[in-house]
Amino acid sequence: MKTKIENLIREALKSLDIQAETISLEHPSDLKMGDYSTNVAMAHAKTLKMNPKELAQKIVDEMSKGPFDMVDKIEVAGPGFINFYLSREFFTDSVKSILNTGEDWGKNELYAGKRVILDYTDPNPFKPFHIGHLMTNAIGESIARIFEFSGAETIRSNYQGDVGPHVAKAIYGIMQDGMREGTASEVAKYIGDCYAKGSGAYETSEQAKEAINTINKKVYDRSDEEVNKIYDWGRKITLEAFEDIYKILGTKFVHYFFESEMAPIGMKIVNENTPKIFEESEGAVVFKGEKYDPKLHTRVFITSAGIPLYETKELGLTVTKFEKARPDLSLVVTAVEQGDYMRVVAKAISLIYPEYGSKMKHVTHGMMRFASGKMSSRKGNVITGESMIHDSIDTVLEKMNDRELGDEEKRKISEIVGVAGIKYSILRSSLGSDIIYDQEKSTSFEGDSGPYLQYTAVRANSILEKARIVNIAADYTNAPSDVTDLEKKLYQFPEVVVHAYTELEPHHIATYLTELASQFNSFYANTVVLDEASEYSSYRVALVSAFYQTMKNGLYLLGIQTPEKM
RNA sequence: GCACCCGUGGUGAAAUGGAUAUCACGACGGUCUUCGGAACCGUUAUUCCAAGUUCGAAUCUUGGCGGGUGCACCA
């Protein structure tokens, strides 16, 4: 429809002898001002030395000459906008096409035939899954799904630090208190505590520091049986605990990369390109970014002791990803604090591999903070990503107490709803800004929350179920002449997906869904859908069904499941 | 000090250079419980400062102010 109107405008301009490169066509913020609006008259009024309103009227007159369907009226408004009001036929048609495309409703072909590898989450074995990982995961998963909706083949990958000082600190802690049994989650939590303990000892005791450094070396060369035993055990069980979390969150990774594997690959590349790209300085091997771009800086790749740093491993990782997946785009999602250093690494990579340079993209996001005075979890501990998920689920479970559902059903639903609360809180904001997480609000379920969207979908689903029972089938042949605001919102979904895709900003979808839900709830409050006396019941069932499908697809793009009941 | 990100009602957010800046929470007032009230309707209040570009600026440019993050052997 959009291109149709654009062509209409273009032809009118042509016959008026006006040159227009691009035509801006948008949805007015207020539904009363039409469904589409263009500013071409204002944009060209000056060069033509005409009053914008008069020019707009001329364009409208020109367009009114030819026949066009699906448009009820075209009007000049405000300072010279031209507003298009679409016809009932158009909206009925869009409901029809939503029902026909189903799960594919909202998809586009902008990245069809191409492959993208997305790297996100990146937690470290032996350390807790913290809230930053949760945030990166929610964003990465949503972006992956947005790419899927744009036709891309997506490959999800996860990069994890299984060697380095943090591992040695955890092992040191475990050596004090011993290995323990329990579920993966329980043991991972214990190992996290051991890490904190080792980390503290490293700062306060020279003796401990030395012991940890020794363990660090032993982890690399696997020369000590006790260390090996603890390492293998701890690595395995913490990774298992992560898998449990991914399952709850709804992410499935195809590739897992580990720092231990990337280090030698990166080392080789750095050595091969020294002194051409890297150079020695104070005993270390560095890359002087400022030589190529004043906004970059110098970074150490290999320490004076010969140990590869994160930069080198990242280099190995990037090259490995390109060789393994042959992607058209390699996207990495992390918090902003990695921004500057990634730019330096990316520069080094593009000097060595010019063909990769244009195919790398780094998406950064802000930090998660807490509403004041709520820094600890329900049980009074430091909040980890995992405890946040479980707190949220527990809160939902309590709220579902009076529902007439089985215990197992309640448990499943509260998991879906609890996760939705967190994900929505993260994805409603634009990526650049920090987010304030407030558990009360994210599970309060009233307006502007994930559970609110789910609840709205559930209400719609409930009508659809009743419709089946009373035997009113969806049908769009007989629609009431008045077009509801809900319908005016529904057809815009694919455009919202495109917008989110072009900007790589999931919040556009979150914002749209909240507006859509609000329109549906108003419709719900004002209209009896299953009214056997009304000739429009069948159409309204179709409309509810179209809404349900749109909400479901939209929530999917945010990585949120739609429960059938709640 | 330099670089990057950010600054919108009391609070949290939205707004491809467009119309009266939108949504939610809160507060206040209402619907009275029909297909799920975890809902709906109404009232309330906002673009950090200054200059510039433009027919038109929350948005672009410059200069301030405020916050976050990063800048040599952590990841």
# chains A, B, ... in the order shown; residues from 1 in each chain; ligands from 1
>>> closest_atom_pairs(of="chain A", to="chain B", cutoff="6 Å", atoms="only C-alpha atoms (C1' of nucleotides)", output="CSV")
residue,atom,partner,partner_atom,distance
A:Gly78,CA,B:A19,C1',5.7
A:Val300,CA,B:A72,C1',5.8
A:Thr303,CA,B:C73,C1',4.8
A:Glu337,CA,B:U69,C1',5.3
A:Phe445,CA,B:A38,C1',5.9
A:Gly447,CA,B:A24,C1',5.8
A:Asp448,CA,B:A24,C1',5.1
A:Ile463,CA,B:C35,C1',5.3
A:Ala525,CA,B:C40,C1',5.8
>>> select_by_dssp(residues="stretch 133-259 of chain A", states="alpha helix (DSSP H)", output="tab-separated table (two decimals) with C-alpha atoms, in the first residue's frame")
chain	number	residue	atom	x	y	z
A	133	HIS	CA	24.70	-11.37	30.64
A	134	LEU	CA	20.95	-11.41	31.03
A	135	MET	CA	20.69	-8.05	29.34
A	136	THR	CA	22.99	-8.97	26.46
A	137	ASN	CA	21.13	-12.22	25.97
A	138	ALA	CA	17.72	-10.57	25.77
A	139	ILE	CA	18.97	-8.03	23.24
A	140	GLY	CA	20.99	-10.51	21.18
A	141	GLU	CA	18.15	-12.99	20.99
A	142	SER	CA	15.71	-10.33	19.89
A	143	ILE	CA	18.05	-9.01	17.21
A	144	ALA	CA	18.60	-12.56	15.98
A	145	ARG	CA	14.86	-13.03	15.60
A	146	ILE	CA	14.48	-9.69	13.85
A	147	PHE	CA	17.09	-10.87	11.36
A	148	GLU	CA	15.17	-14.10	10.91
A	149	PHE	CA	12.05	-12.11	10.12
A	165	PRO	CA	42.81	-15.30	36.34
A	166	HIS	CA	39.13	-15.58	37.22
A	167	VAL	CA	39.30	-19.35	36.79
A	168	ALA	CA	42.38	-19.61	39.00
A	169	LYS	CA	40.67	-17.54	41.69
A	170	ALA	CA	37.64	-19.82	41.68
A	171	ILE	CA	39.80	-22.94	41.83
A	172	TYR	CA	41.74	-21.47	44.73
A	173	GLY	CA	38.46	-20.94	46.56
A	174	ILE	CA	37.26	-24.45	45.79
A	175	MET	CA	40.52	-25.87	47.12
A	176	GLN	CA	39.73	-24.28	50.49
A	177	ASP	CA	36.19	-25.62	50.83
A	184	ALA	CA	24.04	-27.61	38.36
A	185	SER	CA	22.49	-24.38	39.52
A	186	GLU	CA	23.34	-24.99	43.19
A	187	VAL	CA	26.90	-26.01	42.46
A	188	ALA	CA	27.39	-23.10	40.09
A	189	LYS	CA	26.27	-20.77	42.82
A	190	TYR	CA	28.73	-22.36	45.22
A	191	ILE	CA	31.54	-22.00	42.68
A	192	GLY	CA	30.56	-18.38	42.23
A	193	ASP	CA	30.99	-17.89	45.97
A	194	CYS	CA	34.37	-19.60	45.79
A	195	TYR	CA	35.36	-17.19	43.03
A	196	ALA	CA	34.40	-14.23	45.22
A	197	LYS	CA	36.41	-15.72	48.06
A	198	GLY	CA	39.48	-16.32	45.87
A	199	SER	CA	39.13	-12.88	44.39
A	200	GLY	CA	39.13	-11.31	47.86
A	201	ALA	CA	42.13	-13.36	48.96
A	202	TYR	CA	44.02	-12.28	45.85
A	203	GLU	CA	43.69	-8.65	46.91
A	204	THR	CA	44.50	-9.09	50.59
A	206	GLU	CA	50.40	-12.05	49.08
A	207	GLN	CA	50.51	-15.76	49.72
A	208	ALA	CA	47.13	-16.34	48.11
A	209	LYS	CA	48.09	-14.15	45.19
A	210	GLU	CA	51.11	-16.27	44.51
A	211	ALA	CA	49.16	-19.49	44.85
A	212	ILE	CA	46.54	-18.23	42.41
A	213	ASN	CA	49.15	-17.19	39.87
A	214	THR	CA	50.59	-20.67	40.09
A	215	ILE	CA	47.18	-22.23	39.58
A	216	ASN	CA	46.64	-19.96	36.60
A	217	LYS	CA	49.73	-21.38	34.90
A	218	LYS	CA	48.73	-24.92	35.79
A	219	VAL	CA	45.35	-24.40	34.19
A	220	TYR	CA	47.10	-23.46	30.96
A	221	ASP	CA	49.63	-26.32	30.90
A	225	GLU	CA	46.23	-33.44	38.58
A	226	GLU	CA	44.27	-31.86	41.40
A	227	VAL	CA	43.87	-28.62	39.49
A	228	ASN	CA	42.82	-30.55	36.38
A	229	LYS	CA	40.22	-32.44	38.34
A	230	ILE	CA	38.68	-29.34	39.85
A	231	TYR	CA	38.92	-27.46	36.56
A	232	ASP	CA	37.19	-30.14	34.49
A	233	TRP	CA	34.50	-30.56	37.11
A	234	GLY	CA	33.89	-26.85	37.58
A	235	ARG	CA	33.92	-26.01	33.88
A	236	LYS	CA	31.45	-28.74	33.06
A	237	ILE	CA	28.99	-27.99	35.79
A	238	THR	CA	28.98	-24.22	35.40
A	239	LEU	CA	28.38	-24.65	31.67
A	240	GLU	CA	25.50	-26.98	32.47
A	241	ALA	CA	24.01	-24.36	34.74
A	242	PHE	CA	24.22	-21.84	31.88
A	243	GLU	CA	22.34	-24.26	29.62
A	244	ASP	CA	19.49	-24.40	32.14
A	245	ILE	CA	19.30	-20.62	32.03
A	246	TYR	CA	19.32	-20.50	28.20
A	247	LYS	CA	16.47	-22.96	28.19
A	248	ILE	CA	14.37	-20.72	30.40
A	249	LEU	CA	15.33	-17.68	28.35
A	259	GLU	CA	38.99	-18.41	25.07
>>> residues_around(residues="A:Ile393", least_positions_apart="4", cutoff="6 Å", atoms="only C-alpha atoms (C1' of nucleotides)", output="PyMOL selection string")
chain A and resi 414-415+418
>>> write_last_selection(atoms="C-alpha atoms", output="PDB file, in the first residue's frame")
ATOM      1  CA  SER A 414       4.941 -18.288  35.735  1.00  0.00           C
ATOM      2  CA  GLU A 415       8.223 -19.144  34.063  1.00  0.00           C
ATOM      3  CA  GLY A 418       8.424 -14.017  34.782  1.00  0.00           C
TER       4      GLY A 418
END
